[in-house]
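In what follows, a structure is listed as structure tokens, so that the remarks can point back to it.
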Amino acid sequence: MKRSRVLAVLVGGVFCVVVMSLYRMLELMQGVELQHQVASPARQVDEDLSNLQRKIDSLERLLSDNNRLVAMLRNSLVHRKAAWETGVRGGAGGGANVSSDSSHSQAYPLPGCRLAEEIKDGVQLLDVYDLLAFDNLDGGAWKQGFDISYHGNEWDKQPLELFVVPHSHNDPGWLKTFDSYYQDQTKHILNNMLIKLSEDSRKKMIWAEVSYFSKWWDDIDDQKREMVKRLVRAGQLELVTGGWVMADEANSHYFALLDQLMEGHQWLQQHLGVKPSSGWAIDPFGHSPSMTYLLKGAGLTNMVIQRVHYAVKKEFARQRTLEFLWRQSWDSSPHSDITCHMMPFYSYDVPHTCGPNPAVCCQFDFHRLPGGRVFCPWRVPPQPITEQNIQERALLLLDQYRQKSRLFRSPVLLVPLGDDFRFVESSEWDAQFSNYQKLFDYFDQHPELHVKARFGTLSDYFKALRGRMNTSLPTLRGDFFTYADRDDHYWSGYFTSRPFYKRLDRTLEATLRATEILFSLTLAEMRRIHGDGHLVAGFPAREHFQRLTAGRRDLALFQHHDAVTGTARDPVVVDYGTRLFHSILNLRQVLQSAAHWLLLLDKNQYHHDQSKPFLQMDDVMVAQDALPQKTVLTLSDEPRSFIVFNPTEQLRTSVVSIIVDSPDARVVDAETSRPMAAQISAKWVEPSRASTEAFQLSFVAELPPLALVVYHVTKTTAGSAHRAQYTFLCGGELPSVHVEHFQVSRPQGAEADTPLSLGNKHVKIWSSAHTGLLQKVRLQSGPVRQLRVQFLWYGTRTGANRDRSGAYLFLPGEEGAQLYSPSEAPLIRVSRGPIFSDITSCYRHFTHTVRLFHLDGHAGRSLEISNMVDIRSEVNRELVMRLVSDIDNGNRFYTDLNGFQMQQRRTLAKLPLQANFYPMTSAAFLQDAVLRLSLLSAQSQAVAGLRPGELEVVLDRRLQQDDNRGLGQGVTDNKLTASLYHLLLEDRRGMSKEVGGPSVEHLSLLAHLTSLSLCHLPITMVAPSDSQPTKLRPFLPLRSPLPCDVHLLNLRTLEDTQEAGSPSKEVALLLHRKGFDCHSAPEPPPPCTWSTHEEVNLDDLFAPLPLRSVRRSGLTLLRDNDEPESARQQQLPHIARLRPMEIGAFRVELD
């Protein structure tokens, strides 16, 4: 108690000191201003207003700093109190003896953190994998299964009720581009759908891809649109999932998964007034629980999946658990449950959906009738149903239905009827519907068969299932990676294929999120200043909103399971890339325009000129397949303004780099004239030749949350700027080094063999003087730990008639990974400076850099690793970066699922090497009782932990052949590709041993913050050098950062329901409360706070932004999912419950 009182007094004392300091500073500011005399009265008024604005802004910042200090002290008090009470309860002496040495102290849990826990209810897929033999025995007719038997009387009391569900799987790009598929096939499918369903109310169909449906809607007239609405109302046409695409679930980030789902759902609400209830994911190559969380949060209650490892399907079929409640691994409640149906057989085509024998089922695909273009590979063709053969045909088909039914626990059966791009021609509609209707009629006429069959939709099926299910469904946790469709053919190749475009995808994602937020804040600020809710006349809000919409849709389209996966044909990849590229350029226009208006002190000076924007990005993207290049800023004695936007909700300390034309430059904060700590580095044209005309100026920026901060850069006196110093090494003959303006050294003799070392106050590293690659690391004053970086090659299988790696499959050669052995020694370049130091190793196929930032806060804790990879000279090779540590993690490691949650992995010796690779969207880690090693990534790729202490990522793959999955080509369109990571080593406290079983783990708080900074880099914009200086002031929308564990996922302006294509006053506020690990407290503590409370005060979070009305909704902001009007919060404060790991969606008016 005494210690608590002392801390309380301390907090009060600090508060008083801060308040007195604020008062004194304002007095001093006023005194200084009174001393300045100005000539013109008009100018005096302008100056007074400007000074007043600056004082208010300064006061707000000082108050924010005070709030942060008080919050930190409050948290410190909570932590100390928790530690004291733990000590009192647990210690015999009645006191806590907590050592300040982090490596030895027993941890007290951080408020709000998530202890690793083993949840034992339900089926854990990790346990299933441990139990399965993966022996791939021949199952007979059902090759990957087993013989299914029945007596025939099983349905006497409970008749078999089956729904044949017509569908057509339309890939938005694969062998053809999105537009080509639409013109050649999709529009004909939908045109025929309208005609055929209208002819007969018994005919039904489901449709998934809203990207195609919306394009077709734009082509049809009002009369046909009314017909569509009638079919939807009648339940004949069901829109399933409702996403823009059927998204990939391995490489896609959860921001983009939700973006494509929201884009589709908003379109359906606006044009059809419908809300999807069932998910349909029959072609993504493996399935993630992150997707199920988003679907459940968007209001769906059911889903169907197909591509699951054949051995898992067999086990689930044997246990009759193909239908289950899919629950989140971290959720101990049924809150996140969704009813899931797993299709039991090899494919979603007709031969593999009616029952276990494809040779029989193919005879009931009436599109394959003799004389057509498609035939049955089992050489027994379908027959038209006639009076003469109907009995034999009906009983043959019923036998398959009954066998399939025995794999499920209910007498209700789902039978999909379709395939890729089916029902293009009118004749196929007639063949399928007329022949099946004859079979259904026969079943109806023979009640002794105890079967009721009809065409249906997913809603029909799940409604009947719920009505006739007399047992509860089992609960399942986990994910369905890595997928294998047959033999040892594991689909782990696509986790990396086309890595250039996987990186471009994340660039667009980050640009879109930043633009969404800034655009929403701009409109809110305009309405606040006007006071009447109207926008500025000259601001092109409608045009910008349409650019935003196009950006959303291009990002959404790329989440398709043949786009971000890298599994489309070369021309289609170019089409996707061009869409991503154009959207980035268009979104940059919106960013520049919004920033321009927000920064102007005199808003009347705003003028939109698209051909000559006031602000320009500091880099240029010239093509869809080229990396961006920084522009060179021309400096003079006059200040050149540039702006840095922090798109994150946290106060961040970031190193910002710009390229200037002089080695002598300085940066100051434009508002305070405070000089920023900076260094000048060389801009390398070649590994050993620096540019003489361009230099990198890097400085430390303190960026408030969501802020636009203005800086001035000027040319300064020669030699006044801190310059980096360089050391060059090469095992062979050192090439000539061409560097002006910088100090260069070339160690000789024994000195050239000494390990290279770099360090800051948090971490020290050692690298080999011969390879330049990392070897050892030490945290502060802890022990030296092994942490080696290696590069390796994987080849593919050799020999005649053997399957080889391709876009989908990873089928490495028997020799496994081979250490990268360069034909000539690498050039190693060491840079040392006051802001950052790095070691760059230049090899033929890659340039590898490890960088340390000399920053005081938590931003200096991690190592930045960047690779520039070029394997265009190679044949059938894949390049891998491997980390080798002394962490004793056994066979367990963790990878993220879609950037949303972490999933335990187990490397199993009984599986082939390629089966032990998993998708990593943004993070992976290894840990033992005392240490955790986290690899945080800015792009998605394959990751594995093949041996204890190891973690490896596949950087690029070049493969000359098709892998027989329909693509018809290899992967040979490689580019010069950049990849970026942060490597974080953290002590683990209070861990005596690893938690057993399939434990649920989370990233540490520090890893979350580091990943946030990595995925959402500061955005730099440059003002013109030739214009009259325009008065700009920083834009600081938030008084303080959001809590450490609350992520602003998006602030998305919604479309006006009355005026299509225009922004409304409503925004979708999406907040994700991260779950974080209890055993790694961030040292030093970050400037944000966190708490144990599940309730958050939205007004406090976003102060001083005024939230006029707040209404909780579903994750896609469908009005049907809004909370009732009675629960709508119009009065202050707006309190929302947000549990760890949950995403909260709110319909908000910013006023």
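Letters A, B, ... go to the chains of the structure tokens in the order shown; residues in each chain start at 1; ligands are counted from 1 in the same order.
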
Item to complete: Do a neighbour search on Pro912 (chain A) at 10 Å with only C-alpha atoms, toss out local chain neighbours closer than 6 positions, and write the hits as an NGL selection string.
Response: :A and (488-490 or 811-812)

Within 8 Å of Leu827 (chain A), counting only C-alpha atoms, which residues qualify if same-chain residues fewer than 6 places away don't, as a CSV table (one decimal) with C-alpha atoms, in the first residue's frame?
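The resulting file, selection-v3.csv, is shown below:
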```
chain,number,residue,atom,x,y,z
A,687,PRO,CA,28.1,-1.9,-55.7
A,728,PHE,CA,34.9,-2.3,-48.4
A,729,LEU,CA,36.0,-5.9,-48.3
A,730,CYS,CA,36.2,-8.6,-50.9
A,731,GLY,CA,37.7,-12.1,-50.6
A,734,LEU,CA,38.8,-5.8,-54.5
A,841,SER,CA,26.7,-8.2,-49.3
A,842,CYS,CA,26.7,-8.1,-53.1
A,843,TYR,CA,26.3,-11.5,-54.8
```

Worksheet item: What gap, in Å, lies between CA of Thr339 (chain A) and CA of Phe480 (chain A)?
Response: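 Those two atoms sit 15.7 Å apart.
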
Worksheet item: If we count only C-alpha atoms, what is near Asn1097 (chain A) at a cut-off of 10 Å, once residues fewer than 2 positions away on the same chain are taken out, given as a ChimeraX atom specification?
Response: /A:1095,1099-1102,1132-1137

Worksheet entry | Point-to-point distance in Å for CA of Ser885 (chain A) and CA of Thr1010 (chain A) | 20.8 Å

Worksheet item: Which neighbours of Gln927 (chain A) fall inside 7 Å, counting only C-alpha atoms, when residues of the same chain fewer than 3 positions from it are skipped, and could you give them as a list in words?
Response: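 Counting only the stated atoms, we get Ile887, Asn889, Leu931, Arg932 and Leu933 of chain A.
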
Take the residues from that selection and write them out as a CSV table (one decimal), in the first residue's frame, keeping N, CA and C atoms.
```
chain,number,residue,atom,x,y,z
A,887,ILE,N,18.1,-21.4,-30.8
A,887,ILE,CA,16.8,-21.6,-30.0
A,887,ILE,C,16.4,-23.0,-30.1
A,889,ASN,N,13.6,-25.0,-30.1
A,889,ASN,CA,12.1,-25.0,-30.3
A,889,ASN,C,11.6,-26.4,-30.7
A,931,LEU,N,13.8,-17.4,-25.0
A,931,LEU,CA,14.1,-16.5,-26.2
A,931,LEU,C,13.0,-16.7,-27.3
A,932,ARG,N,12.7,-15.6,-27.9
A,932,ARG,CA,11.8,-15.7,-29.1
A,932,ARG,C,12.5,-14.9,-30.2
A,933,LEU,N,12.5,-15.6,-31.4
A,933,LEU,CA,13.0,-14.9,-32.6
A,933,LEU,C,11.8,-14.8,-33.6
```

Response to the item:
In terms of only C-alpha atoms, the residue from A:Thr840, A:Ser1040, A:Ser823, A:Ser999 at minimal distance from Pro705 (chain A) is A:Ser1040

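Nearest residue to Arg989 (chain A) among A:Gly816, A:Gly242, A:Pro1082, A:Pro1024 is A:Pro1082, counting only C-alpha atoms.
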
Item to complete: Go through A:Phe558, A:Arg1052, A:Arg553, A:Lys187 one by one, measure the shortest atom-to-atom distance of each to Asp218 (chain A) using only C-alpha atoms, and give the residue with the smallest value.
Response: A:Lys187

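Proximity of A:His265, A:His608, A:Lys224, A:Arg844 to Ala298 (chain A), computed with only C-alpha atoms, is greatest for A:His265.
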
Practice prompt. Please provide the set of residues having any atom within 6 Å of region 312-319 of chain A, restricted to only C-alpha atoms, with same-chain residues fewer than 3 positions apart removed, written as a VMD selection string.
Written response: chain A and resid 145 309 322 344 407

Write to file, as an mmCIF file, in the first residue's frame, the residues of the selection just made, with all heavy atoms.
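The resulting file, selection.cif, is shown below:
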```cif
data_model
loop_
_atom_site.group_PDB
_atom_site.id
_atom_site.type_symbol
_atom_site.label_atom_id
_atom_site.label_comp_id
_atom_site.auth_asym_id
_atom_site.auth_seq_id
_atom_site.Cartn_x
_atom_site.Cartn_y
_atom_site.Cartn_z
ATOM 1 N N GLY A 145 -10.024 -42.683 -50.928
ATOM 2 C CA GLY A 145 -10.883 -42.933 -49.774
ATOM 3 C C GLY A 145 -10.963 -44.392 -49.408
ATOM 4 O O GLY A 145 -9.953 -45.062 -49.212
ATOM 5 N N HIS A 309 -6.432 -31.276 -47.891
ATOM 6 C CA HIS A 309 -5.558 -32.440 -48.080
ATOM 7 C C HIS A 309 -6.388 -33.723 -48.140
ATOM 8 O O HIS A 309 -7.248 -33.966 -47.288
ATOM 9 C CB HIS A 309 -4.571 -32.513 -46.917
ATOM 10 C CG HIS A 309 -3.424 -33.447 -47.148
ATOM 11 N ND1 HIS A 309 -3.586 -34.801 -47.356
ATOM 12 C CD2 HIS A 309 -2.088 -33.226 -47.198
ATOM 13 C CE1 HIS A 309 -2.405 -35.367 -47.521
ATOM 14 N NE2 HIS A 309 -1.468 -34.431 -47.431
ATOM 15 N N LEU A 322 -17.369 -34.356 -41.630
ATOM 16 C CA LEU A 322 -17.204 -33.447 -42.770
ATOM 17 C C LEU A 322 -18.011 -32.166 -42.601
ATOM 18 O O LEU A 322 -17.784 -31.190 -43.306
ATOM 19 C CB LEU A 322 -17.614 -34.154 -44.063
ATOM 20 C CG LEU A 322 -16.645 -35.257 -44.548
ATOM 21 C CD1 LEU A 322 -17.335 -36.151 -45.566
ATOM 22 C CD2 LEU A 322 -15.377 -34.645 -45.141
ATOM 23 N N PRO A 344 -16.328 -33.951 -49.829
ATOM 24 C CA PRO A 344 -15.476 -35.091 -49.464
ATOM 25 C C PRO A 344 -14.502 -35.573 -50.527
ATOM 26 O O PRO A 344 -13.516 -36.231 -50.190
ATOM 27 C CB PRO A 344 -16.501 -36.199 -49.154
ATOM 28 C CG PRO A 344 -17.734 -35.808 -49.871
ATOM 29 C CD PRO A 344 -17.741 -34.324 -49.980
ATOM 30 N N LEU A 407 -21.377 -40.622 -45.412
ATOM 31 C CA LEU A 407 -20.216 -39.899 -44.865
ATOM 32 C C LEU A 407 -20.642 -38.735 -43.971
ATOM 33 O O LEU A 407 -19.792 -38.069 -43.378
ATOM 34 C CB LEU A 407 -19.337 -39.364 -46.012
ATOM 35 C CG LEU A 407 -18.877 -40.401 -47.039
ATOM 36 C CD1 LEU A 407 -18.043 -39.726 -48.128
ATOM 37 C CD2 LEU A 407 -18.090 -41.522 -46.375
#
```

Worksheet item: Leaving out region 793-810 of chain A and any residue of its chain fewer than 3 positions from it, which residues lie within 10 Å of it when counting only C-alpha atoms, given as a ChimeraX atom specification?
Response: /A:285,483-484,488-498,562,565-569,813-821,875-881,913-915,917,954,957-965,967-972

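With only C-alpha atoms taken into account, the protein and nucleic acid residues at most 8 Å from region 1139-1143 of chain A (excluding it and anything under 3 positions from it in its own chain) are Gly112, Trp330, Gln901, Leu1070, Leu1071, His1072, Arg1073, Lys1074, Gly1075, Glu1094, Glu1095 and Leu1115 of chain A.
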
What does the file look like for those residues with C-alpha atoms, as a PDB file, in the first residue's frame?
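File result24.pdb, as written:
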```pdb
ATOM      1  CA  GLY A 112      -4.554  -7.015 -21.533  1.00  0.00           C
ATOM      2  CA  TRP A 330      -8.011 -18.235 -29.714  1.00  0.00           C
ATOM      3  CA  GLN A 901      -3.532 -14.458 -36.075  1.00  0.00           C
ATOM      4  CA  LEU A1070     -12.769  -0.591 -38.386  1.00  0.00           C
ATOM      5  CA  LEU A1071     -10.734  -1.321 -35.263  1.00  0.00           C
ATOM      6  CA  HIS A1072      -8.785  -4.498 -34.570  1.00  0.00           C
ATOM      7  CA  ARG A1073      -7.757  -5.211 -31.007  1.00  0.00           C
ATOM      8  CA  LYS A1074      -4.615  -7.327 -31.224  1.00  0.00           C
ATOM      9  CA  GLY A1075      -3.952 -10.225 -28.926  1.00  0.00           C
ATOM     10  CA  GLU A1094     -12.648  -4.733 -22.967  1.00  0.00           C
ATOM     11  CA  GLU A1095     -14.588  -1.469 -23.229  1.00  0.00           C
ATOM     12  CA  LEU A1115     -17.694  -6.180 -40.720  1.00  0.00           C
TER      13      LEU A1115
END
```

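Nearest to Leu598 (chain A) of all the residues A:Gln260, A:Thr522, A:Thr907, A:Asn586 is A:Thr522, counting only C-alpha atoms.
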
Item to complete: State, in Å with one decimal place, the distance from CA of Leu1054 (chain A) to CA of Asp222 (chain A).
Response: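 Spanning CA of Leu1054 (chain A) to CA of Asp222 (chain A) is a straight-line distance of 24.7 Å.
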
Worksheet item: With only C-alpha atoms as the basis for distance, which of A:Gln605, A:Asn646, A:Gln546, A:Gln939 is at the shortest distance from Val564 (chain A)?
Response: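 When distances to Val564 (chain A) are compared using only C-alpha atoms, the smallest one comes from A:Gln939.
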
Item to complete: Looking only at strand (DSSP E) from DSSP on the backbone, list the matching residues of region 1058-1096 of chain A as a list in words.
Response: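 Checking each residue of region 1058-1096 of chain A, the strand (DSSP E) ones are Pro1063, Ser1064, Lys1065, Glu1066, Val1067, Ala1068, Leu1069, Leu1070, Leu1071, His1072, Arg1073, Glu1095 and Val1096 of chain A.
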
Discussion item. For the structure I just gave you, how does DSSP split region 189-257 of chain A - specifically, which residues are alpha helix (DSSP H)? Reply as a ChimeraX atom specification.
Written reply: /A:189-199,210-219,222-233,254-257
